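Participant: The structure follows.
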Amino acid sequence: MINHTTPTETENSVAHREKGSLLLKSLLWGFVFGMLLSVVLTLELFPVRRIELEVGQVSQTDIRAPRKVTYVSQVLTDKARSQAEQAVRDVYDPPDPRIGRQQAARLREILGFIDSTRHDSFAPADDKIKALMSIAEIKLAEDVARLAVEMSESNWAIVAAEAESVLDTIMREPIRSIDVNELRTRISSLVRLTLSENQTRVVTALVQNLIKVNSLYNARDTQLARQQARDSVDPVTMTVEQGQAILRQGDLVEPLDLEILEALGLLRPQIKWQDVIGNVLLAFLLTVLLGIYLVAKNRPLWEKGKYLALLSGSFLAFAVVARIMVPDHTVLPYLFPAAAFGLLVGTLFDIHLALFTSFLLGILVGAMGGGSLELAAYAFVGSTAAIFSVQRVERLNVFIFAGMVATVANWATILAFRLPGQQYDWIGLATLFGAGLLNGGVSAMVALLGYSTLGNLLDIPTTLRLMDLARPTHPMMRQLLLKAPGSYHHSLLVSNLAEEAAERVGADPLLARVGAYYHDIGKTVRPYFFVDNQTDGENVHDRLDAETSAHIIVSHVKDGVDLARKYDLPDRIVDFITEHHGTTLTNYFYKRAQDAAGEGKPAPDPERFRYPGPKPRSKETAIVMLADACEATVRSARPAKAEETAELVRRIIAERLESGQLNESDLTLRDIEKIQKAFTATLQGVFHPRVRYPGQEQKGTEKDGD
């Protein structure tokens with residue numbers, strides 16, 4: 001039965017210190033990276049000479065357009081909309097017939113009063129004239145009042161009837177406040193020509209002051225009509241040709257001039273605090289997302305300072321290039337080689353990290369382009385297509401193929417955003433297609449240069465470097481073959497197991513194979529202390545005490561690291577040397593020490609028989625740990641049946657799993673099941689089951705010096 005291990009107080013304190021260190025490192029990295037990204041987003045990295053002008057100033061020089069630009073002019077659009085709004089006349093309600101009836105009724109009352117005054121036989125003529133002049137509404141002049149008093153009955157009857165007719169005609173028309181004076185001057189022209197001049201004067205005097213507004217101004221309908229007129233005006237596009245004069249010396253600066261200068265990127269922008277806060281928030285949002293991903297999904301990279309520095313520096317470098325190429329440009333953003341960044345991360349690290357960081361870079365490009373979804377998609381789609389086109393860098397021409405794939409993806413993205421507009425600028429479309437083609441070529445060249453340079457400079461195990469290390473003629477491999485042939489043969493078998501298992505669980509098979517080649521190179525320092533290389537049947541450990549033997553066996557890890565440094569092996573290969581035993585015990589020698597102690601004596605300290613570790617921190621190193629143990633155990637046990645081989649593999653893997661050796665490797669239970677099946681199938685093909693003859697005993701899983 002497998003015993004479950006429980007963490008000691010020391011282990012707990014170490015774990016707490018590691019968590020505290022990780023938190024401190026995360027906060028420090030996040031602050032520095034976020035601040036640097038904020039600076040990139042906010043500041044003008046390469047200031048150019050900009051023009052400082054305001055409306056109403058006098059231009060001191062001639063200013064011409066350095067390039068052609070077409071943009072939507074807000075100034076011209078507002079002007080056209082204002083003109084359309086001003087062309088809309090005020091809206092008035094229809095004439096109110098009640099007002100016309102009220103005025104007609106009032107005229108009849110006035111005519112009745114005048115008629116009764118005319119027939120007052122007791123009043124002298126002067127009193128009658130004064131009485132007519134006292135009517136407030138009509139305000140008759142004295143001479144007109146006299147005509148009305150002295151007029152014959154027949155003529156008065158004609159005047160009264162004509163006054164009613166004229167007022168009725170006028171009040172049927174829409175009368176606005178601005179129309180009243182005009183209508184008063186037109187009254188005489190509405191009187192029949194059969195009336196005399198004196199009769200016409202009386203009719204005009206009676207009617208003119210009774211004309212009243214009957215059509216009122218409707219503010220709501222007027223505003224609605226003007227808004228509809230504004231909305232009907234399409235945005236006005238402004239085109240400025242290269243070399244066109246924008247301002248001449250002595251010209252007064254107008255709003256349109258400033259707008260053209262801003263569209264050309266010649267006007268010095270004003271930094272607004274809202275923009276600064278927005279850029280800082282975006283920078284730290286991307287920083288948090290990247291940090292969470294690295295801690296959760298790519299712990300080895302997070303823990304290796306130079307790899308983290310390379311990834312952070314590369315992202316910032318591409319962000320700087322994007323800051324130069326994307327804002328205030330029309331075609332240049334389509335030349336930004338975002339695919340080169342994806343290819344670099346994908347080939348130097350892994351595809352999942354490349355996809356995630358390319359997504360973040362796409363967001364950054366879109367934000368720099370004024371929130372352009374097209375530019376964000378253009379950067380991300382091209383980069384994603386290039387990443388997926390490179391499975392393994394076995395030849396340098398894969399970068400050329402990736403550049404071609406990125407070009408096709410660029411073209412597809414351009415068409416996807418440009419075709420729905422249904423207004424095709426064929427010259428502009430051809431220009432963008434040319435930019436997309438150059439983008440693919442530049443991305444391939446930048447990625448190739450970065451891959452070749454950074455891989456060697458920063459000790460990254462690129463595919464080409466791993467293929468070089470896999471050569472049997474490599475000096476270290478030659479030393480292993482000549483000095484420890486048994487260990488060399490063992491490493492080859494472990495590499496076959498590791499490569500097959502890595503293929504099945506989605507790990508890097510080439511890295512697992514090469515790591516397996518070099519995991520035991522430390523045995524070349526004292527080869528005959530290891531049972532792999534003992535051919536004469538004599539075991540030197542029989543003459544040594546258990547602790548000394550354990551120290552010699554464990555030291556092959558340190559010796560392997562020293563040799564790795566001597567032969568300039570990458571750190572990722574060194575990880576296989578330090579992690580392939582994890583923190584396991586040399587059980588054989590520990591049991592010998594326990595037996596030697598006997599009863600009544602203190603038990604030996606297990607820590608003096610334990611490998612220094614660390615535990616495997618990647619899928620590849622965990623696979624090599626399991627392959628190393630399984631190959632050695634099956635080779636030692638020589639099972640007679642396939643079922644016995646499967647059981648040995650299952651037991652070894654279960655021991656490593658139960659002892660917590662795989663806790664930091666990111667292997668899942670499904671992965672472990674696939675690894676077990678791969679090991680079983682491969683080992684059954686290598687170690688054919690043999691009939692066990694009388695006298696042969698099955699050996700245990702622990703061997704002297706393994």
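In the structure tokens, each chain is lettered A, B, ... as it comes, each chain's residues begin at 1, and ligands are numbered from 1 in order of appearance.
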Can you pull out every residue within 12 Å of Ile135 in chain A, counting only C-alpha atoms, but drop anything in the same chain fewer than 5 positions away, and send it as a list in words?
Facilitator: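 Neighbouring residues, sequence-local ones excluded: Arg106, Leu107, Glu109, Ile110, Leu111, Phe113, Ile114, Thr117, Lys128, Ile129, Lys130, Leu140, Ala141, Glu142, Ala145, Ala205, Leu206, Asn209 and Leu210 of chain A.
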Participant: Take the residues just selected and output them with N, CA and C atoms as a PDB file, in the first residue's frame.
Facilitator:
ATOM      1  N   ARG A 106     -66.956  91.977 -33.576  1.00  0.00           N
ATOM      2  CA  ARG A 106     -66.609  93.292 -33.008  1.00  0.00           C
ATOM      3  C   ARG A 106     -66.849  94.404 -34.024  1.00  0.00           C
ATOM      4  N   LEU A 107     -66.583  94.135 -35.318  1.00  0.00           N
ATOM      5  CA  LEU A 107     -66.832  95.136 -36.343  1.00  0.00           C
ATOM      6  C   LEU A 107     -68.329  95.454 -36.447  1.00  0.00           C
ATOM      7  N   GLU A 109     -70.466  95.295 -34.047  1.00  0.00           N
ATOM      8  CA  GLU A 109     -70.814  96.114 -32.875  1.00  0.00           C
ATOM      9  C   GLU A 109     -70.413  97.565 -33.115  1.00  0.00           C
ATOM     10  N   ILE A 110     -69.226  97.767 -33.688  1.00  0.00           N
ATOM     11  CA  ILE A 110     -68.750  99.141 -33.940  1.00  0.00           C
ATOM     12  C   ILE A 110     -69.637  99.817 -34.983  1.00  0.00           C
ATOM     13  N   LEU A 111     -70.000  99.071 -36.029  1.00  0.00           N
ATOM     14  CA  LEU A 111     -70.871  99.649 -37.062  1.00  0.00           C
ATOM     15  C   LEU A 111     -72.239 100.015 -36.474  1.00  0.00           C
ATOM     16  N   PHE A 113     -72.800 100.876 -33.350  1.00  0.00           N
ATOM     17  CA  PHE A 113     -72.605 102.078 -32.534  1.00  0.00           C
ATOM     18  C   PHE A 113     -72.531 103.323 -33.412  1.00  0.00           C
ATOM     19  N   ILE A 114     -71.796 103.230 -34.550  1.00  0.00           N
ATOM     20  CA  ILE A 114     -71.675 104.388 -35.449  1.00  0.00           C
ATOM     21  C   ILE A 114     -73.045 104.733 -36.050  1.00  0.00           C
ATOM     22  N   THR A 117     -75.145 106.437 -33.510  1.00  0.00           N
ATOM     23  CA  THR A 117     -74.641 107.799 -33.289  1.00  0.00           C
ATOM     24  C   THR A 117     -75.055 108.701 -34.443  1.00  0.00           C
ATOM     25  N   LYS A 128     -71.087 114.034 -32.139  1.00  0.00           N
ATOM     26  CA  LYS A 128     -71.080 112.740 -32.835  1.00  0.00           C
ATOM     27  C   LYS A 128     -69.670 112.381 -33.317  1.00  0.00           C
ATOM     28  N   ILE A 129     -68.974 113.404 -33.826  1.00  0.00           N
ATOM     29  CA  ILE A 129     -67.603 113.134 -34.309  1.00  0.00           C
ATOM     30  C   ILE A 129     -66.704 112.700 -33.148  1.00  0.00           C
ATOM     31  N   LYS A 130     -66.806 113.394 -32.013  1.00  0.00           N
ATOM     32  CA  LYS A 130     -65.998 113.009 -30.839  1.00  0.00           C
ATOM     33  C   LYS A 130     -66.343 111.605 -30.362  1.00  0.00           C
ATOM     34  N   LEU A 140     -60.329 106.365 -35.036  1.00  0.00           N
ATOM     35  CA  LEU A 140     -60.637 107.148 -36.228  1.00  0.00           C
ATOM     36  C   LEU A 140     -60.072 108.559 -36.116  1.00  0.00           C
ATOM     37  N   ALA A 141     -59.482 108.990 -37.220  1.00  0.00           N
ATOM     38  CA  ALA A 141     -59.044 110.394 -37.280  1.00  0.00           C
ATOM     39  C   ALA A 141     -60.276 111.298 -37.400  1.00  0.00           C
ATOM     40  N   GLU A 142     -60.094 112.591 -37.083  1.00  0.00           N
ATOM     41  CA  GLU A 142     -61.239 113.506 -37.048  1.00  0.00           C
ATOM     42  C   GLU A 142     -61.887 113.645 -38.417  1.00  0.00           C
ATOM     43  N   ALA A 145     -63.832 110.507 -39.125  1.00  0.00           N
ATOM     44  CA  ALA A 145     -65.054 110.472 -38.303  1.00  0.00           C
ATOM     45  C   ALA A 145     -66.103 111.414 -38.870  1.00  0.00           C
ATOM     46  N   ALA A 205     -60.136 102.780 -42.543  1.00  0.00           N
ATOM     47  CA  ALA A 205     -60.005 103.151 -41.136  1.00  0.00           C
ATOM     48  C   ALA A 205     -60.746 102.177 -40.239  1.00  0.00           C
ATOM     49  N   LEU A 206     -61.908 101.702 -40.687  1.00  0.00           N
ATOM     50  CA  LEU A 206     -62.681 100.771 -39.864  1.00  0.00           C
ATOM     51  C   LEU A 206     -62.004  99.402 -39.749  1.00  0.00           C
ATOM     52  N   ASN A 209     -57.394  98.461 -37.960  1.00  0.00           N
ATOM     53  CA  ASN A 209     -57.025  98.146 -36.578  1.00  0.00           C
ATOM     54  C   ASN A 209     -57.732  96.912 -36.033  1.00  0.00           C
ATOM     55  N   LEU A 210     -58.631  96.333 -36.824  1.00  0.00           N
ATOM     56  CA  LEU A 210     -59.280  95.093 -36.400  1.00  0.00           C
ATOM     57  C   LEU A 210     -58.573  93.843 -36.949  1.00  0.00           C
TER      58      LEU A 210
END
Participant: If we count only C-alpha atoms and set the cut-off at 7 Å, which residues sit around Ala406 in chain A, ignoring sequence neighbours fewer than 3 positions away in its own chain? Please answer as a list in words.
Facilitator: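 Near neighbours after the sequence-gap exclusion: Ala339, Gly382, Ser383, Ala385, Ala386, Ala402, Gly403, Ala409, Asn410 and Gly440 of chain A.
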Participant: Write the residues you've just listed into a file as a PDB file, in the first residue's frame, and include C-alpha atoms for each of them.
Facilitator:
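As written to disk, out.pdb reads:
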ATOM      1  CA  ALA A 339       2.736  38.449 -36.861  1.00  0.00           C
ATOM      2  CA  GLY A 382      -2.517  37.727 -39.217  1.00  0.00           C
ATOM      3  CA  SER A 383      -0.519  36.784 -36.144  1.00  0.00           C
ATOM      4  CA  ALA A 385      -2.566  32.442 -38.864  1.00  0.00           C
ATOM      5  CA  ALA A 386       1.233  32.681 -38.810  1.00  0.00           C
ATOM      6  CA  ALA A 402       4.463  31.688 -42.199  1.00  0.00           C
ATOM      7  CA  GLY A 403       4.918  35.097 -43.817  1.00  0.00           C
ATOM      8  CA  ALA A 409      -4.814  36.391 -43.578  1.00  0.00           C
ATOM      9  CA  ASN A 410      -4.090  40.129 -43.882  1.00  0.00           C
ATOM     10  CA  GLY A 440       3.916  39.311 -44.248  1.00  0.00           C
TER      11      GLY A 440
END
Participant: Where in range 71-242 of chain A does DSSP assign helix (DSSP H, G or I), given as a PyMOL selection string?
Facilitator: chain A and resi 74-86+97-118+125-133+142-150+153-171+177-190+197-208+219-231
Participant: Separation of CA of Ala642 in chain A and CA of Leu493 in chain A, in Å?
Facilitator: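 We find that CA of Ala642 in chain A and CA of Leu493 in chain A lie 18.0 Å from each other.
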Participant: Residues at most 8 Å from Lys674 in chain A, counting only C-alpha atoms, excluding those fewer than 2 positions away in the same chain, as an MDAnalysis selection string?
Facilitator: chainID A and resid 501 504:505 670:672 676:678
Participant: For those residues, write N, CA and C atoms to a file as a short mmCIF file (atom, residue, chain, number, x, y, z; two decimals), in the first residue's frame.
Facilitator:
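To be explicit, this is the file written out as result03.cif:
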data_model
loop_
_atom_site.label_atom_id
_atom_site.label_comp_id
_atom_site.auth_asym_id
_atom_site.auth_seq_id
_atom_site.Cartn_x
_atom_site.Cartn_y
_atom_site.Cartn_z
N ALA A 501 5.33 9.55 -25.18
CA ALA A 501 4.38 10.07 -24.19
C ALA A 501 4.11 11.56 -24.40
N ARG A 504 1.57 12.24 -27.01
CA ARG A 504 0.20 11.91 -26.64
C ARG A 504 -0.44 12.95 -25.72
N VAL A 505 0.36 13.65 -24.92
CA VAL A 505 -0.22 14.60 -23.97
C VAL A 505 -0.06 16.05 -24.41
N ARG A 670 -5.77 12.65 -16.79
CA ARG A 670 -5.94 12.12 -18.15
C ARG A 670 -4.58 12.00 -18.84
N ASP A 671 -3.71 12.99 -18.62
CA ASP A 671 -2.36 12.92 -19.18
C ASP A 671 -1.60 11.71 -18.63
N ILE A 672 -1.73 11.50 -17.33
CA ILE A 672 -1.02 10.38 -16.70
C ILE A 672 -1.50 9.05 -17.25
N GLN A 676 0.89 6.38 -19.15
CA GLN A 676 0.97 4.98 -18.73
C GLN A 676 0.77 4.04 -19.92
N LYS A 677 -0.20 4.33 -20.76
CA LYS A 677 -0.44 3.49 -21.94
C LYS A 677 0.73 3.55 -22.91
N ALA A 678 1.29 4.74 -23.11
CA ALA A 678 2.42 4.89 -24.02
C ALA A 678 3.63 4.11 -23.51
#
Participant: If you measure from CA of Thr682 in chain A to CA of Ala498 in chain A, what distance in Å do you get, rounded to one decimal?
Facilitator: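 Rounded to one decimal, the two atoms are 10.1 Å apart.
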Participant: Which of these, A:Phe315, A:Phe576, A:Phe529, A:Tyr588, has the shortest distance to Ala622 in chain A once you count only C-alpha atoms?
Facilitator: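 Nearest to Ala622 in chain A: A:Phe576.
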Participant: Do you know which residues are at most 9 Å from range 178-188 of chain A counting only C-alpha atoms, after dropping those on the same chain fewer than 3 positions away, and could you put them as a compact mmCIF listing (two decimals) with N, CA and C atoms, in the first residue's frame?
Facilitator:
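New file selection_21.txt:
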# COMPACT_ATOMS: atom_id res chain seq x y z
N VAL A 166 -64.41 93.18 -46.56
CA VAL A 166 -62.94 93.25 -46.59
C VAL A 166 -62.34 92.54 -45.37
N LEU A 167 -62.89 92.78 -44.16
CA LEU A 167 -62.38 92.13 -42.95
C LEU A 167 -62.52 90.62 -43.04
N ILE A 170 -59.81 89.28 -45.34
CA ILE A 170 -58.47 89.30 -44.73
C ILE A 170 -58.34 88.25 -43.64
N PRO A 174 -54.04 83.24 -43.47
CA PRO A 174 -53.15 83.12 -42.30
C PRO A 174 -52.48 84.46 -42.03
N ILE A 175 -52.60 84.90 -40.83
CA ILE A 175 -52.01 86.19 -40.47
C ILE A 175 -51.02 85.96 -39.32
N VAL A 191 -60.63 96.97 -51.45
CA VAL A 191 -61.95 97.63 -51.53
C VAL A 191 -62.38 97.68 -53.00
N ARG A 192 -63.65 97.44 -53.21
CA ARG A 192 -64.15 97.48 -54.59
C ARG A 192 -63.88 98.84 -55.22
N THR A 200 -63.67 104.73 -49.46
CA THR A 200 -62.52 103.82 -49.28
C THR A 200 -61.73 104.19 -48.04
N ARG A 201 -61.57 105.48 -47.77
CA ARG A 201 -60.85 105.92 -46.58
C ARG A 201 -61.56 105.44 -45.33
N VAL A 203 -63.67 102.85 -45.02
CA VAL A 203 -63.55 101.38 -44.93
C VAL A 203 -62.17 101.00 -44.39
N THR A 204 -61.14 101.66 -44.94
CA THR A 204 -59.77 101.34 -44.49
C THR A 204 -59.60 101.63 -43.01
N VAL A 207 -61.35 98.97 -40.80
CA VAL A 207 -60.83 97.59 -40.84
C VAL A 207 -59.41 97.47 -40.31
N GLN A 208 -58.57 98.47 -40.57
CA GLN A 208 -57.13 98.27 -40.37
C GLN A 208 -56.74 97.90 -38.94
N ASN A 209 -57.39 98.46 -37.96
CA ASN A 209 -57.03 98.15 -36.58
C ASN A 209 -57.73 96.91 -36.03
N ILE A 211 -57.56 94.08 -37.76
CA ILE A 211 -56.77 92.93 -38.26
C ILE A 211 -55.95 92.37 -37.09
N LYS A 212 -56.08 91.07 -36.86
CA LYS A 212 -55.44 90.44 -35.69
C LYS A 212 -54.76 89.13 -36.12
N VAL A 213 -53.67 88.82 -35.45
CA VAL A 213 -52.93 87.57 -35.75
C VAL A 213 -53.82 86.37 -35.48
Participant: Using Å and a single decimal, report how far CA of Glu54 in chain A sits from CA of Ser82 in chain A.
Facilitator: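 The value is 22.8 Å.
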Participant: May I have the residues within 9 Å of His329 in chain A as a list of chain:residue names, using only C-alpha atoms and disregarding those fewer than 2 positions away in the same chain?
Facilitator: A:Leu264, A:Gly265, A:Met325, A:Val326, A:Pro327, A:Val331, A:Leu332, A:Pro333, A:Gly369
Participant: Can you list, as a PDB file with N, CA and C atoms, in the first residue's frame, every protein, DNA or RNA residue that comes within 10 Å of Arg108 in chain A when you count only C-alpha atoms, leaving out same-chain residues fewer than 6 positions away?
Facilitator:
ATOM      1  N   ILE A 114     -71.796 103.230 -34.550  1.00  0.00           N
ATOM      2  CA  ILE A 114     -71.675 104.388 -35.449  1.00  0.00           C
ATOM      3  C   ILE A 114     -73.045 104.733 -36.050  1.00  0.00           C
ATOM      4  N   ALA A 160     -70.462 100.213 -44.747  1.00  0.00           N
ATOM      5  CA  ALA A 160     -70.571  99.193 -43.701  1.00  0.00           C
ATOM      6  C   ALA A 160     -70.471  97.788 -44.301  1.00  0.00           C
ATOM      7  N   ALA A 161     -71.197  97.574 -45.402  1.00  0.00           N
ATOM      8  CA  ALA A 161     -71.167  96.252 -46.039  1.00  0.00           C
ATOM      9  C   ALA A 161     -69.771  95.933 -46.565  1.00  0.00           C
ATOM     10  N   ALA A 163     -66.885  97.137 -45.471  1.00  0.00           N
ATOM     11  CA  ALA A 163     -65.957  96.914 -44.358  1.00  0.00           C
ATOM     12  C   ALA A 163     -66.052  95.473 -43.860  1.00  0.00           C
ATOM     13  N   GLU A 164     -67.271  94.983 -43.728  1.00  0.00           N
ATOM     14  CA  GLU A 164     -67.438  93.589 -43.288  1.00  0.00           C
ATOM     15  C   GLU A 164     -66.838  92.613 -44.308  1.00  0.00           C
TER      16      GLU A 164
END
Participant: When you count only C-alpha atoms, which of these residues is closest to Glu547 in chain A: A:Val624, A:Val561, A:Ala245, A:Ala596?
Facilitator: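 Distance minimum relative to Glu547 in chain A lands on A:Ala596.
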Participant: Nearest to Tyr378 in chain A: which of A:Thr347, A:Gln391, A:Gln242, A:Ser358 is it, counting only C-alpha atoms?
Facilitator: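 Looking only at the distances to Tyr378 in chain A, the closest residue turns out to be A:Ser358.
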Participant: Can you pull out every residue within 12 Å of Ala412 in chain A, counting only C-alpha atoms, but drop anything in the same chain fewer than 3 positions away, and send it as a list in words?
Facilitator: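 Listing them by chain and then by number gives Glu374, Ala377, Tyr378, Val381, Gly382, Ala385, Val405, Ala406, Thr407, Val408, Ala409, Leu415, Ala416, Phe417, Arg418, Leu419, Leu429, Leu432, Phe433, Gly436 and Leu437 of chain A.
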Participant: Please produce an output containing C-alpha atoms for each residue in the selection, written as a short mmCIF file (atom, residue, chain, number, x, y, z; two decimals), in the first residue's frame.
Facilitator:
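part.cif written:
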data_model
loop_
_atom_site.label_atom_id
_atom_site.label_comp_id
_atom_site.auth_asym_id
_atom_site.auth_seq_id
_atom_site.Cartn_x
_atom_site.Cartn_y
_atom_site.Cartn_z
CA GLU A 374 -10.39 46.59 -38.05
CA ALA A 377 -8.55 42.18 -35.95
CA TYR A 378 -5.89 42.77 -38.63
CA VAL A 381 -5.78 37.41 -37.30
CA GLY A 382 -2.52 37.73 -39.22
CA ALA A 385 -2.57 32.44 -38.86
CA VAL A 405 0.12 32.66 -44.60
CA ALA A 406 0.11 35.95 -42.68
CA THR A 407 -0.20 37.83 -45.99
CA VAL A 408 -3.28 35.83 -47.02
CA ALA A 409 -4.81 36.39 -43.58
CA LEU A 415 -11.73 42.45 -47.48
CA ALA A 416 -13.90 41.42 -44.53
CA PHE A 417 -14.00 45.01 -43.27
CA ARG A 418 -13.93 46.88 -46.59
CA LEU A 419 -16.39 44.94 -48.77
CA LEU A 429 -7.77 48.86 -51.61
CA LEU A 432 -3.75 48.20 -48.43
CA PHE A 433 -3.19 44.89 -50.23
CA GLY A 436 -0.54 43.46 -46.29
CA LEU A 437 1.98 41.76 -48.59
#
Participant: According to DSSP computed on the backbone, where in range 205-454 of chain A is there strand (DSSP E or B)? Give the residues as a PDB file with C-alpha atoms, in the first residue's frame.
Facilitator:
ATOM      1  CA  TYR A 217     -45.703  80.343 -34.186  1.00  0.00           C
ATOM      2  CA  VAL A 236     -18.841  66.042 -45.840  1.00  0.00           C
ATOM      3  CA  THR A 237     -15.596  64.403 -46.950  1.00  0.00           C
ATOM      4  CA  MET A 238     -12.574  66.642 -47.333  1.00  0.00           C
ATOM      5  CA  THR A 239      -9.632  65.722 -49.566  1.00  0.00           C
ATOM      6  CA  VAL A 240      -6.335  67.563 -49.355  1.00  0.00           C
ATOM      7  CA  ALA A 245      -1.428  75.173 -49.652  1.00  0.00           C
ATOM      8  CA  ILE A 246      -3.254  75.076 -46.343  1.00  0.00           C
ATOM      9  CA  LEU A 247      -2.160  78.459 -45.017  1.00  0.00           C
ATOM     10  CA  LEU A 252      -5.892  84.351 -40.456  1.00  0.00           C
ATOM     11  CA  LEU A 267      -1.022  70.077 -35.155  1.00  0.00           C
TER      12      LEU A 267
END
